[in-house]
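Chemist: My structure file protein.pdb, PDB, C-alpha atoms, is below:
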ATOM      1  CA  MET X   1      79.914 161.738  25.211
ATOM      2  CA  LEU X   2      82.902 159.506  25.603
ATOM      3  CA  SER X   3      81.702 157.394  22.696
ATOM      4  CA  VAL X   4      81.145 160.451  20.588
ATOM      5  CA  THR X   5      84.583 161.722  21.512
ATOM      6  CA  VAL X   6      86.185 158.422  20.642
ATOM      7  CA  VAL X   7      84.354 158.220  17.341
ATOM      8  CA  THR X   8      85.333 161.774  16.501
ATOM      9  CA  ALA X   9      88.938 161.027  17.324
ATOM     10  CA  ILE X  10      88.830 157.938  15.189
ATOM     11  CA  LEU X  11      87.313 159.929  12.334
ATOM     12  CA  LEU X  12      89.918 162.678  12.718
ATOM     13  CA  ALA X  13      92.678 160.142  12.811
ATOM     14  CA  SER X  14      91.314 158.505   9.722
ATOM     15  CA  GLY X  15      91.116 161.906   7.995
ATOM     16  CA  VAL X  16      94.662 162.745   8.974
ATOM     17  CA  ALA X  17      95.873 159.398   7.725
ATOM     18  CA  ALA X  18      93.978 159.777   4.500
ATOM     19  CA  ARG X  19      95.347 163.267   4.052
ATOM     20  CA  ALA X  20      98.862 162.023   4.756
ATOM     21  CA  ILE X  21      98.430 159.310   2.157
ATOM     22  CA  GLY X  22      97.168 161.945  -0.305
ATOM     23  CA  LEU X  23     100.115 164.196   0.429
ATOM     24  CA  ASP X  24     102.512 161.285  -0.068
ATOM     25  CA  GLN X  25     100.899 160.590  -3.410
ATOM     26  CA  ASP X  26     101.086 164.261  -4.384
ATOM     27  CA  ARG X  27     104.735 164.266  -3.347
ATOM     28  CA  ALA X  28     105.404 161.148  -5.381
ATOM     29  CA  ASP X  29     103.587 162.663  -8.364
ATOM     30  CA  ALA X  30     105.603 165.892  -7.999
ATOM     31  CA  ILE X  31     108.858 163.956  -7.772
ATOM     32  CA  ALA X  32     107.913 161.928 -10.848
ATOM     33  CA  GLU X  33     107.003 165.105 -12.717
ATOM     34  CA  LEU X  34     110.263 166.720 -11.607
ATOM     35  CA  GLN X  35     112.198 163.691 -12.781
ATOM     36  CA  ALA X  36     110.356 163.804 -16.096
ATOM     37  CA  LEU X  37     111.102 167.493 -16.420
ATOM     38  CA  SER X  38     114.742 166.898 -15.526
ATOM     39  CA  GLU X  39     114.995 164.151 -18.122
ATOM     40  CA  SER X  40     113.331 166.382 -20.674
ATOM     41  CA  THR X  41     115.729 169.198 -19.780
ATOM     42  CA  ARG X  42     118.719 166.879 -20.124
ATOM     43  CA  SER X  43     117.439 165.677 -23.492
ATOM     44  CA  ALA X  44     116.872 169.258 -24.625
ATOM     45  CA  GLN X  45     120.372 170.238 -23.424
ATOM     46  CA  MET X  46     121.865 167.287 -25.281
ATOM     47  CA  ARG X  47     120.023 168.314 -28.426
ATOM     48  CA  THR X  48     121.180 171.890 -27.908
ATOM     49  CA  ASP X  49     124.774 170.753 -27.396
ATOM     50  CA  HIS X  50     124.526 168.589 -30.500
ATOM     51  CA  LEU X  51     123.116 171.471 -32.521
ATOM     52  CA  ASP X  52     125.782 173.847 -31.175
ATOM     53  CA  GLY X  53     128.471 171.351 -32.148
ATOM     54  CA  ALA X  54     126.973 170.878 -35.597
ATOM     55  CA  VAL X  55     126.753 174.662 -36.112
ATOM     56  CA  ALA X  56     130.332 175.151 -34.931
ATOM     57  CA  ALA X  57     131.555 172.380 -37.243
ATOM     58  CA  ALA X  58     129.617 173.866 -40.154
ATOM     59  CA  GLU X  59     131.006 177.333 -39.440
ATOM     60  CA  GLU X  60     134.537 175.937 -39.246
ATOM     61  CA  ASP X  61     134.047 174.053 -42.498
ATOM     62  CA  THR X  62     132.629 177.163 -44.179
ATOM     63  CA  ALA X  63     135.554 179.262 -42.980
ATOM     64  CA  ALA X  64     138.044 176.688 -44.252
ATOM     65  CA  ARG X  65     136.391 176.558 -47.663
ATOM     66  CA  ALA X  66     136.284 180.354 -47.823
ATOM     67  CA  ALA X  67     140.018 180.466 -47.037
ATOM     68  CA  VAL X  68     140.694 177.937 -49.808
ATOM     69  CA  LEU X  69     138.595 179.920 -52.287
ATOM     70  CA  GLU X  70     140.424 183.106 -51.331
ATOM     71  CA  VAL X  71     143.804 181.713 -52.419
ATOM     72  CA  ARG X  72     142.527 179.850 -55.462
ATOM     73  CA  GLY X  73     142.409 183.067 -57.499
ATOM     74  CA  ALA X  74     146.189 183.433 -57.345
ATOM     75  CA  PHE X  75     146.571 179.826 -58.458
ATOM     76  CA  VAL X  76     144.298 180.408 -61.446
ATOM     77  CA  ASP X  77     146.332 183.490 -62.401
ATOM     78  CA  GLU X  78     149.578 181.510 -62.237
ATOM     79  CA  ILE X  79     148.079 178.721 -64.361
ATOM     80  CA  ALA X  80     147.070 181.308 -66.970
ATOM     81  CA  ALA X  81     150.575 182.806 -66.912
ATOM     82  CA  LEU X  82     152.108 179.358 -67.287
ATOM     83  CA  GLY X  83     149.841 178.659 -70.234
ATOM     84  CA  ALA X  84     151.049 181.845 -71.916
ATOM     85  CA  ALA X  85     154.681 180.944 -71.175
ATOM     86  CA  ILE X  86     154.229 177.452 -72.621
ATOM     87  CA  THR X  87     152.570 178.884 -75.721
ATOM     88  CA  GLY X  88     155.510 181.250 -76.188
ATOM     89  CA  ALA X  89     157.918 178.345 -75.798
ATOM     90  CA  GLU X  90     156.378 176.262 -78.584
ATOM     91  CA  GLY X  91     158.917 175.302 -81.187
ATOM     92  CA  LYS X  92     161.751 176.284 -78.872
ATOM     93  CA  VAL X  93     161.824 173.953 -75.864
ATOM     94  CA  ASP X  94     160.088 170.771 -74.745
ATOM     95  CA  THR X  95     157.464 171.713 -72.139
ATOM     96  CA  ALA X  96     155.943 168.245 -71.629
ATOM     97  CA  THR X  97     157.299 167.878 -68.086
ATOM     98  CA  HIS X  98     156.157 171.384 -67.194
ATOM     99  CA  ARG X  99     152.642 170.614 -68.446
ATOM    100  CA  ALA X 100     152.524 167.356 -66.460
ATOM    101  CA  ALA X 101     153.635 169.088 -63.270
ATOM    102  CA  ALA X 102     151.023 171.813 -63.793
ATOM    103  CA  ILE X 103     148.279 169.216 -64.287
ATOM    104  CA  ASP X 104     149.321 167.463 -61.066
ATOM    105  CA  ALA X 105     149.207 170.760 -59.175
ATOM    106  CA  GLN X 106     145.823 171.573 -60.662
ATOM    107  CA  GLU X 107     144.361 168.223 -59.572
ATOM    108  CA  VAL X 108     145.629 168.804 -56.040
ATOM    109  CA  VAL X 109     143.953 172.222 -55.929
ATOM    110  CA  LEU X 110     140.681 170.918 -57.346
ATOM    111  CA  ALA X 111     140.552 168.207 -54.681
ATOM    112  CA  GLU X 112     141.455 170.488 -51.781
ATOM    113  CA  ARG X 113     138.540 171.814 -49.690
ATOM    114  CA  ASP X 114     139.928 172.634 -46.259
ATOM    115  CA  ASP X 115     143.607 173.617 -46.258
ATOM    116  CA  PRO X 116     144.560 176.886 -48.014
ATOM    117  CA  ALA X 117     148.252 176.115 -47.404
ATOM    118  CA  THR X 118     147.971 173.279 -49.916
ATOM    119  CA  VAL X 119     146.716 175.698 -52.570
ATOM    120  CA  VAL X 120     149.439 178.235 -51.721
ATOM    121  CA  ALA X 121     152.089 175.531 -52.127
ATOM    122  CA  ALA X 122     150.625 174.488 -55.487
ATOM    123  CA  THR X 123     150.632 178.142 -56.582
ATOM    124  CA  ALA X 124     154.317 178.412 -55.709
ATOM    125  CA  THR X 125     154.985 175.251 -57.715
ATOM    126  CA  VAL X 126     153.311 176.692 -60.815
ATOM    127  CA  HIS X 127     155.184 179.975 -60.369
ATOM    128  CA  SER X 128     158.473 178.082 -60.326
ATOM    129  CA  LEU X 129     157.401 176.265 -63.489
ATOM    130  CA  ILE X 130     156.911 179.634 -65.197
ATOM    131  CA  SER X 131     160.428 180.625 -64.199
ATOM    132  CA  ARG X 132     161.824 177.350 -65.501
ATOM    133  CA  VAL X 133     160.072 177.734 -68.845
ATOM    134  CA  GLY X 134     161.458 181.265 -69.101
ATOM    135  CA  GLU X 135     164.968 180.059 -68.295
ATOM    136  CA  ASP X 136     164.743 177.267 -70.859
ATOM    137  CA  VAL X 137     163.504 179.690 -73.508
ATOM    138  CA  SER X 138     166.269 182.168 -72.651
ATOM    139  CA  THR X 139     168.834 179.408 -73.044
ATOM    140  CA  TRP X 140     167.381 178.526 -76.425
ATOM    141  CA  GLU X 141     167.280 182.172 -77.488
ATOM    142  CA  THR X 142     170.858 182.701 -76.387
ATOM    143  CA  ALA X 143     171.935 179.811 -78.569
ATOM    144  CA  GLN X 144     169.977 181.306 -81.450
ATOM    145  CA  TYR X 145     171.373 184.803 -81.355
ATOM    146  CA  ALA X 146     174.902 183.517 -80.734
ATOM    147  CA  ALA X 147     175.111 182.376 -84.354
ATOM    148  CA  PRO X 148     176.964 184.959 -86.505
ATOM    149  CA  GLY X 149     174.156 185.139 -89.033
ATOM    150  CA  GLY X 150     171.375 185.403 -86.477
ATOM    151  CA  PRO X 151     168.495 182.937 -86.144
ATOM    152  CA  ALA X 152     167.699 180.588 -88.979
ATOM    153  CA  ASN X 153     165.003 181.653 -91.422
ATOM    154  CA  PRO X 154     163.658 184.849 -89.831
ATOM    155  CA  SER X 155     160.267 185.816 -91.269
ATOM    156  CA  SER X 156     161.672 189.237 -92.143
ATOM    157  CA  GLY X 157     164.016 187.397 -94.482
ATOM    158  CA  PRO X 158     167.814 187.578 -94.672
ATOM    159  CA  GLU X 159     167.620 191.098 -96.049
ATOM    160  CA  GLY X 160     165.316 192.236 -93.235
ATOM    161  CA  PHE X 161     167.559 190.786 -90.572
ATOM    162  CA  ALA X 162     170.617 192.310 -92.235
ATOM    163  CA  ARG X 163     168.948 195.713 -92.238
ATOM    164  CA  VAL X 164     168.106 195.606 -88.529
ATOM    165  CA  ARG X 165     171.564 194.206 -87.755
ATOM    166  CA  ALA X 166     173.167 197.078 -89.643
ATOM    167  CA  ALA X 167     171.099 199.614 -87.688
ATOM    168  CA  LEU X 168     172.157 198.089 -84.367
ATOM    169  CA  ASP X 169     175.780 198.054 -85.433
ATOM    170  CA  ARG X 170     175.480 201.642 -86.590
ATOM    171  CA  VAL X 171     174.302 202.943 -83.210
ATOM    172  CA  GLY X 172     177.082 201.151 -81.321
ATOM    173  CA  GLY X 173     175.684 197.657 -80.736
ATOM    174  CA  ALA X 174     178.037 195.603 -82.909
ATOM    175  CA  GLY X 175     178.763 193.182 -80.075
ATOM    176  CA  VAL X 176     175.151 192.777 -79.006
ATOM    177  CA  GLY X 177     173.154 189.677 -79.993
ATOM    178  CA  LEU X 178     170.097 190.198 -82.194
ATOM    179  CA  TYR X 179     167.305 187.982 -83.407
ATOM    180  CA  GLU X 180     163.747 188.201 -84.630
ATOM    181  CA  SER X 181     160.905 187.384 -82.257
ATOM    182  CA  ALA X 182     157.240 188.225 -81.836
ATOM    183  CA  SER X 183     157.443 187.795 -78.055
ATOM    184  CA  CYS X 184     158.164 191.391 -77.002
ATOM    185  CA  ALA X 185     155.268 192.313 -74.698
ATOM    186  CA  GLY X 186     153.249 189.564 -76.304
ATOM    187  CA  GLY X 187     153.926 190.968 -79.756
ATOM    188  CA  THR X 188     152.680 194.482 -78.975
ATOM    189  CA  ALA X 189     156.184 195.987 -78.697
ATOM    190  CA  PRO X 190     158.252 196.302 -81.883
ATOM    191  CA  ALA X 191     161.513 195.518 -80.075
ATOM    192  CA  CYS X 192     162.839 194.803 -76.613
ATOM    193  CA  ALA X 193     166.084 194.271 -74.743
ATOM    194  CA  ASN X 194     166.854 191.269 -72.570
ATOM    195  CA  SER X 195     168.788 191.544 -69.339
ATOM    196  CA  ASN X 196     170.974 188.685 -70.586
ATOM    197  CA  GLY X 197     172.435 191.134 -73.095
ATOM    198  CA  PHE X 198     170.605 190.672 -76.403
ATOM    199  CA  ILE X 199     167.902 192.466 -78.393
ATOM    200  CA  LYS X 200     164.797 191.067 -80.056
ATOM    201  CA  TYR X 201     162.842 192.719 -82.839
ATOM    202  CA  ARG X 202     159.492 192.167 -84.510
ATOM    203  CA  ALA X 203     159.658 191.328 -88.220
ATOM    204  CA  ASP X 204     157.769 194.398 -89.456
ATOM    205  CA  ILE X 205     160.321 196.920 -88.173
ATOM    206  CA  ALA X 206     162.702 195.745 -90.867
ATOM    207  CA  GLN X 207     160.543 197.876 -93.174
ATOM    208  CA  TRP X 208     160.789 201.033 -91.084
ATOM    209  CA  SER X 209     162.603 204.104 -92.325
ATOM    210  CA  THR X 210     166.324 204.216 -91.618
ATOM    211  CA  ALA X 211     165.954 207.085 -89.101
ATOM    212  CA  ARG X 212     163.215 205.316 -87.177
ATOM    213  CA  LEU X 213     165.047 201.996 -87.224
ATOM    214  CA  ASN X 214     168.234 203.642 -85.967
ATOM    215  CA  TRP X 215     166.306 205.251 -83.136
ATOM    216  CA  ALA X 216     164.668 201.937 -82.173
ATOM    217  CA  MET X 217     167.997 200.151 -81.996
ATOM    218  CA  ALA X 218     169.617 203.029 -80.057
ATOM    219  CA  HIS X 219     166.710 202.941 -77.627
ATOM    220  CA  GLU X 220     167.013 199.167 -77.056
ATOM    221  CA  LEU X 221     170.785 199.418 -76.798
ATOM    222  CA  GLY X 222     170.211 202.018 -74.082
ATOM    223  CA  HIS X 223     168.299 199.381 -72.119
ATOM    224  CA  ILE X 224     171.230 196.963 -72.471
ATOM    225  CA  TYR X 225     173.492 199.574 -70.873
ATOM    226  CA  GLN X 226     170.872 200.251 -68.174
ATOM    227  CA  PHE X 227     170.886 196.581 -67.215
ATOM    228  CA  ARG X 228     174.636 196.769 -66.640
ATOM    229  CA  VAL X 229     174.122 199.325 -63.831
ATOM    230  CA  TRP X 230     170.602 198.295 -62.863
ATOM    231  CA  GLY X 231     171.088 198.132 -59.103
ATOM    232  CA  ALA X 232     172.679 201.554 -58.847
ATOM    233  CA  LEU X 233     170.206 202.965 -61.353
ATOM    234  CA  THR X 234     167.031 201.884 -59.595
ATOM    235  CA  SER X 235     168.329 203.079 -56.219
ATOM    236  CA  SER X 236     169.346 206.503 -57.573
ATOM    237  CA  GLN X 237     167.276 209.415 -56.308
ATOM    238  CA  SER X 238     168.289 211.485 -59.341
ATOM    239  CA  TYR X 239     166.929 208.797 -61.667
ATOM    240  CA  HIS X 240     163.570 208.903 -59.919
ATOM    241  CA  SER X 241     163.411 212.686 -59.673
ATOM    242  CA  MET X 242     164.596 213.451 -63.220
ATOM    243  CA  PHE X 243     163.002 210.547 -65.092
ATOM    244  CA  GLY X 244     160.267 209.420 -62.753
ATOM    245  CA  GLY X 245     161.949 206.034 -62.495
ATOM    246  CA  ASP X 246     160.896 205.401 -66.115
ATOM    247  CA  ALA X 247     163.477 203.271 -67.933
ATOM    248  CA  GLU X 248     161.737 203.919 -71.284
ATOM    249  CA  PHE X 249     162.058 207.683 -70.893
ATOM    250  CA  LEU X 250     165.696 207.296 -69.908
ATOM    251  CA  ALA X 251     166.329 205.063 -72.949
ATOM    252  CA  ASN X 252     164.846 207.787 -75.179
ATOM    253  CA  CYS X 253     167.247 210.318 -73.674
ATOM    254  CA  MET X 254     170.138 207.918 -74.129
ATOM    255  CA  ALA X 255     169.209 207.573 -77.806
ATOM    256  CA  VAL X 256     169.118 211.363 -78.128
ATOM    257  CA  VAL X 257     172.633 211.527 -76.685
ATOM    258  CA  ARG X 258     173.788 209.093 -79.374
ATOM    259  CA  GLY X 259     172.261 211.334 -82.035
ATOM    260  CA  TYR X 260     169.094 209.321 -82.696
ATOM    261  CA  PRO X 261     166.116 211.287 -81.337
ATOM    262  CA  GLY X 262     162.655 209.798 -81.291
ATOM    263  CA  SER X 263     159.240 211.350 -80.762
ATOM    264  CA  VAL X 264     159.941 212.052 -77.060
ATOM    265  CA  GLY X 265     162.688 214.529 -76.256
ATOM    266  CA  CYS X 266     164.431 215.497 -73.031
ATOM    267  CA  ASP X 267     166.126 218.629 -71.751
ATOM    268  CA  ALA X 268     169.827 219.341 -71.500
ATOM    269  CA  SER X 269     170.170 218.299 -67.854
ATOM    270  CA  GLN X 270     168.413 215.004 -68.549
ATOM    271  CA  GLN X 271     170.654 214.388 -71.554
ATOM    272  CA  ALA X 272     173.757 215.076 -69.482
ATOM    273  CA  TRP X 273     172.605 212.629 -66.819
ATOM    274  CA  ALA X 274     171.649 209.985 -69.412
ATOM    275  CA  SER X 275     174.996 210.251 -71.171
ATOM    276  CA  ALA X 276     176.757 208.917 -68.064
ATOM    277  CA  ILE X 277     174.873 205.603 -68.352
ATOM    278  CA  TRP X 278     176.624 204.936 -71.665
ATOM    279  CA  VAL X 279     179.939 204.854 -69.825
ATOM    280  CA  GLY X 280     178.618 202.810 -66.905
ATOM    281  CA  THR X 281     178.165 205.645 -64.437
ATOM    282  CA  VAL X 282     175.095 206.538 -62.395
ATOM    283  CA  ARG X 283     175.307 210.072 -61.097
TER     284      ARG X 283
END
Would it be possible to restate this file's structure as structure tokens?
Modeler:
Amino acid sequence: MLSVTVVTAILLASGVAARAIGLDQDRADAIAELQALSESTRSAQMRTDHLDGAVAAAEEDTAARAAVLEVRGAFVDEIAALGAAITGAEGKVDTATHRAAAIDAQEVVLAERDDPATVVAATATVHSLISRVGEDVSTWETAQYAAPGGPANPSSGPEGFARVRAALDRVGGAGVGLYESASCAGGTAPACANSNGFIKYRADIAQWSTARLNWAMAHELGHIYQFRVWGALTSSQSYHSMFGGDAEFLANCMAVVRGYPGSVGCDASQQAWASAIWVGTVR
């Protein structure tokens, strides 16, 4: 019995030891698996972080490009306006430097992908170029109309110019500069007044009837007088309520007051108000 007991104890001890060794191996296997899982998790997290960073960078880049595209439209519009201004300046002023500056600005905008402020600055540059072209043309035009006989070789001919000049003198504009130009509203308007104090006319109006020509010159002369009180005029409540803030309508009424009615009339109260502009008063 003692032998059996000893053998049984030995067998149990051996079983316990074997089981302990098995448990240690299971524990080691579990730890190894856990380490592998942890490493896999870290790798997955790193990939996730990398993907998140790539997505964020792509979204930021997309937003920047969208912002640049949003302001490019204004630049394109200004380039188109500058092109029209340069075309109108042909034969009058040298626009070579303006063209070169516009090309430089355009290259900057074409190369820009991320910073909308760069495009906005280039747009402002082109806008200033438009203003400079306009100023140069105005200077040239002023020199042209300053000549006693008007601009050289008008297409309406000396007789045509003389006829329009006589009409302007007749309605009270003897001291106002006059010259022929097809630039009024891009050539769609037969005549126009400049805030610098002169009037331009399209060649074909030299063939208008005397009554219509007188009205046209009285109308444009009315604008010249409007410019002299422009600040007070545009801030006048009466101007906005009686004429809807429409300088063309007011010029028609001013022509009526001078005795040269056109196709659009105005009532007595409007005529009375318009008459004050001729003497430099805004009621």
Chemist: Just so the selection is clear, what residues does the PyMOL selection byres ((chain X and resi 118-134) around 6) cover here, as a ChimeraX atom specification?
Modeler: /X:75,82,105,109,115-117,135-137
Chemist: For the structure provided, state which residues fall under the PyMOL selection byres ((chain X and resi 280) around 12), and present them as an mmCIF file with C-alpha atoms, keeping the file's coordinate frame.
Modeler:
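New file out01.cif:
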data_model
loop_
_atom_site.group_PDB
_atom_site.id
_atom_site.type_symbol
_atom_site.label_atom_id
_atom_site.label_comp_id
_atom_site.auth_asym_id
_atom_site.auth_seq_id
_atom_site.Cartn_x
_atom_site.Cartn_y
_atom_site.Cartn_z
ATOM 1 C CA GLY X 222 170.211 202.018 -74.082
ATOM 2 C CA ILE X 224 171.230 196.963 -72.471
ATOM 3 C CA TYR X 225 173.492 199.574 -70.873
ATOM 4 C CA GLN X 226 170.872 200.251 -68.174
ATOM 5 C CA PHE X 227 170.886 196.581 -67.215
ATOM 6 C CA ARG X 228 174.636 196.769 -66.640
ATOM 7 C CA VAL X 229 174.122 199.325 -63.831
ATOM 8 C CA TRP X 230 170.602 198.295 -62.863
ATOM 9 C CA GLY X 231 171.088 198.132 -59.103
ATOM 10 C CA ALA X 232 172.679 201.554 -58.847
ATOM 11 C CA LEU X 233 170.206 202.965 -61.353
ATOM 12 C CA TRP X 273 172.605 212.629 -66.819
ATOM 13 C CA ALA X 274 171.649 209.985 -69.412
ATOM 14 C CA SER X 275 174.996 210.251 -71.171
ATOM 15 C CA ALA X 276 176.757 208.917 -68.064
ATOM 16 C CA ILE X 277 174.873 205.603 -68.352
ATOM 17 C CA TRP X 278 176.624 204.936 -71.665
ATOM 18 C CA VAL X 279 179.939 204.854 -69.825
ATOM 19 C CA THR X 281 178.165 205.645 -64.437
ATOM 20 C CA VAL X 282 175.095 206.538 -62.395
ATOM 21 C CA ARG X 283 175.307 210.072 -61.097
#
Chemist: Taking the file above as input, evaluate the PyMOL selection byres ((chain X and resi 199) around 12) and report the hits as an MDAnalysis selection string.
Modeler: chainID X and resid 138 141:142 144:146 150 164:165 168:169 173:184 190:198 200:202 216:225
Chemist: Next, write the just-selected residues to a file, as a PDB file, in the frame of the given file, keeping C-alpha atoms as the atom set.
Modeler:
ATOM      1  CA  SER X 138     166.269 182.168 -72.651  1.00  0.00           C
ATOM      2  CA  GLU X 141     167.280 182.172 -77.488  1.00  0.00           C
ATOM      3  CA  THR X 142     170.858 182.701 -76.387  1.00  0.00           C
ATOM      4  CA  GLN X 144     169.977 181.306 -81.450  1.00  0.00           C
ATOM      5  CA  TYR X 145     171.373 184.803 -81.355  1.00  0.00           C
ATOM      6  CA  ALA X 146     174.902 183.517 -80.734  1.00  0.00           C
ATOM      7  CA  GLY X 150     171.375 185.403 -86.477  1.00  0.00           C
ATOM      8  CA  VAL X 164     168.106 195.606 -88.529  1.00  0.00           C
ATOM      9  CA  ARG X 165     171.564 194.206 -87.755  1.00  0.00           C
ATOM     10  CA  LEU X 168     172.157 198.089 -84.367  1.00  0.00           C
ATOM     11  CA  ASP X 169     175.780 198.054 -85.433  1.00  0.00           C
ATOM     12  CA  GLY X 173     175.684 197.657 -80.736  1.00  0.00           C
ATOM     13  CA  ALA X 174     178.037 195.603 -82.909  1.00  0.00           C
ATOM     14  CA  GLY X 175     178.763 193.182 -80.075  1.00  0.00           C
ATOM     15  CA  VAL X 176     175.151 192.777 -79.006  1.00  0.00           C
ATOM     16  CA  GLY X 177     173.154 189.677 -79.993  1.00  0.00           C
ATOM     17  CA  LEU X 178     170.097 190.198 -82.194  1.00  0.00           C
ATOM     18  CA  TYR X 179     167.305 187.982 -83.407  1.00  0.00           C
ATOM     19  CA  GLU X 180     163.747 188.201 -84.630  1.00  0.00           C
ATOM     20  CA  SER X 181     160.905 187.384 -82.257  1.00  0.00           C
ATOM     21  CA  ALA X 182     157.240 188.225 -81.836  1.00  0.00           C
ATOM     22  CA  SER X 183     157.443 187.795 -78.055  1.00  0.00           C
ATOM     23  CA  CYS X 184     158.164 191.391 -77.002  1.00  0.00           C
ATOM     24  CA  PRO X 190     158.252 196.302 -81.883  1.00  0.00           C
ATOM     25  CA  ALA X 191     161.513 195.518 -80.075  1.00  0.00           C
ATOM     26  CA  CYS X 192     162.839 194.803 -76.613  1.00  0.00           C
ATOM     27  CA  ALA X 193     166.084 194.271 -74.743  1.00  0.00           C
ATOM     28  CA  ASN X 194     166.854 191.269 -72.570  1.00  0.00           C
ATOM     29  CA  SER X 195     168.788 191.544 -69.339  1.00  0.00           C
ATOM     30  CA  ASN X 196     170.974 188.685 -70.586  1.00  0.00           C
ATOM     31  CA  GLY X 197     172.435 191.134 -73.095  1.00  0.00           C
ATOM     32  CA  PHE X 198     170.605 190.672 -76.403  1.00  0.00           C
ATOM     33  CA  LYS X 200     164.797 191.067 -80.056  1.00  0.00           C
ATOM     34  CA  TYR X 201     162.842 192.719 -82.839  1.00  0.00           C
ATOM     35  CA  ARG X 202     159.492 192.167 -84.510  1.00  0.00           C
ATOM     36  CA  ALA X 216     164.668 201.937 -82.173  1.00  0.00           C
ATOM     37  CA  MET X 217     167.997 200.151 -81.996  1.00  0.00           C
ATOM     38  CA  ALA X 218     169.617 203.029 -80.057  1.00  0.00           C
ATOM     39  CA  HIS X 219     166.710 202.941 -77.627  1.00  0.00           C
ATOM     40  CA  GLU X 220     167.013 199.167 -77.056  1.00  0.00           C
ATOM     41  CA  LEU X 221     170.785 199.418 -76.798  1.00  0.00           C
ATOM     42  CA  GLY X 222     170.211 202.018 -74.082  1.00  0.00           C
ATOM     43  CA  HIS X 223     168.299 199.381 -72.119  1.00  0.00           C
ATOM     44  CA  ILE X 224     171.230 196.963 -72.471  1.00  0.00           C
ATOM     45  CA  TYR X 225     173.492 199.574 -70.873  1.00  0.00           C
TER      46      TYR X 225
END
Chemist: Could you state the separation of CA of Ala80 in chain X and CA of Gln106 in chain X in Å, given to one decimal place?
Modeler: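 These two atoms are separated by 11.7 Å.
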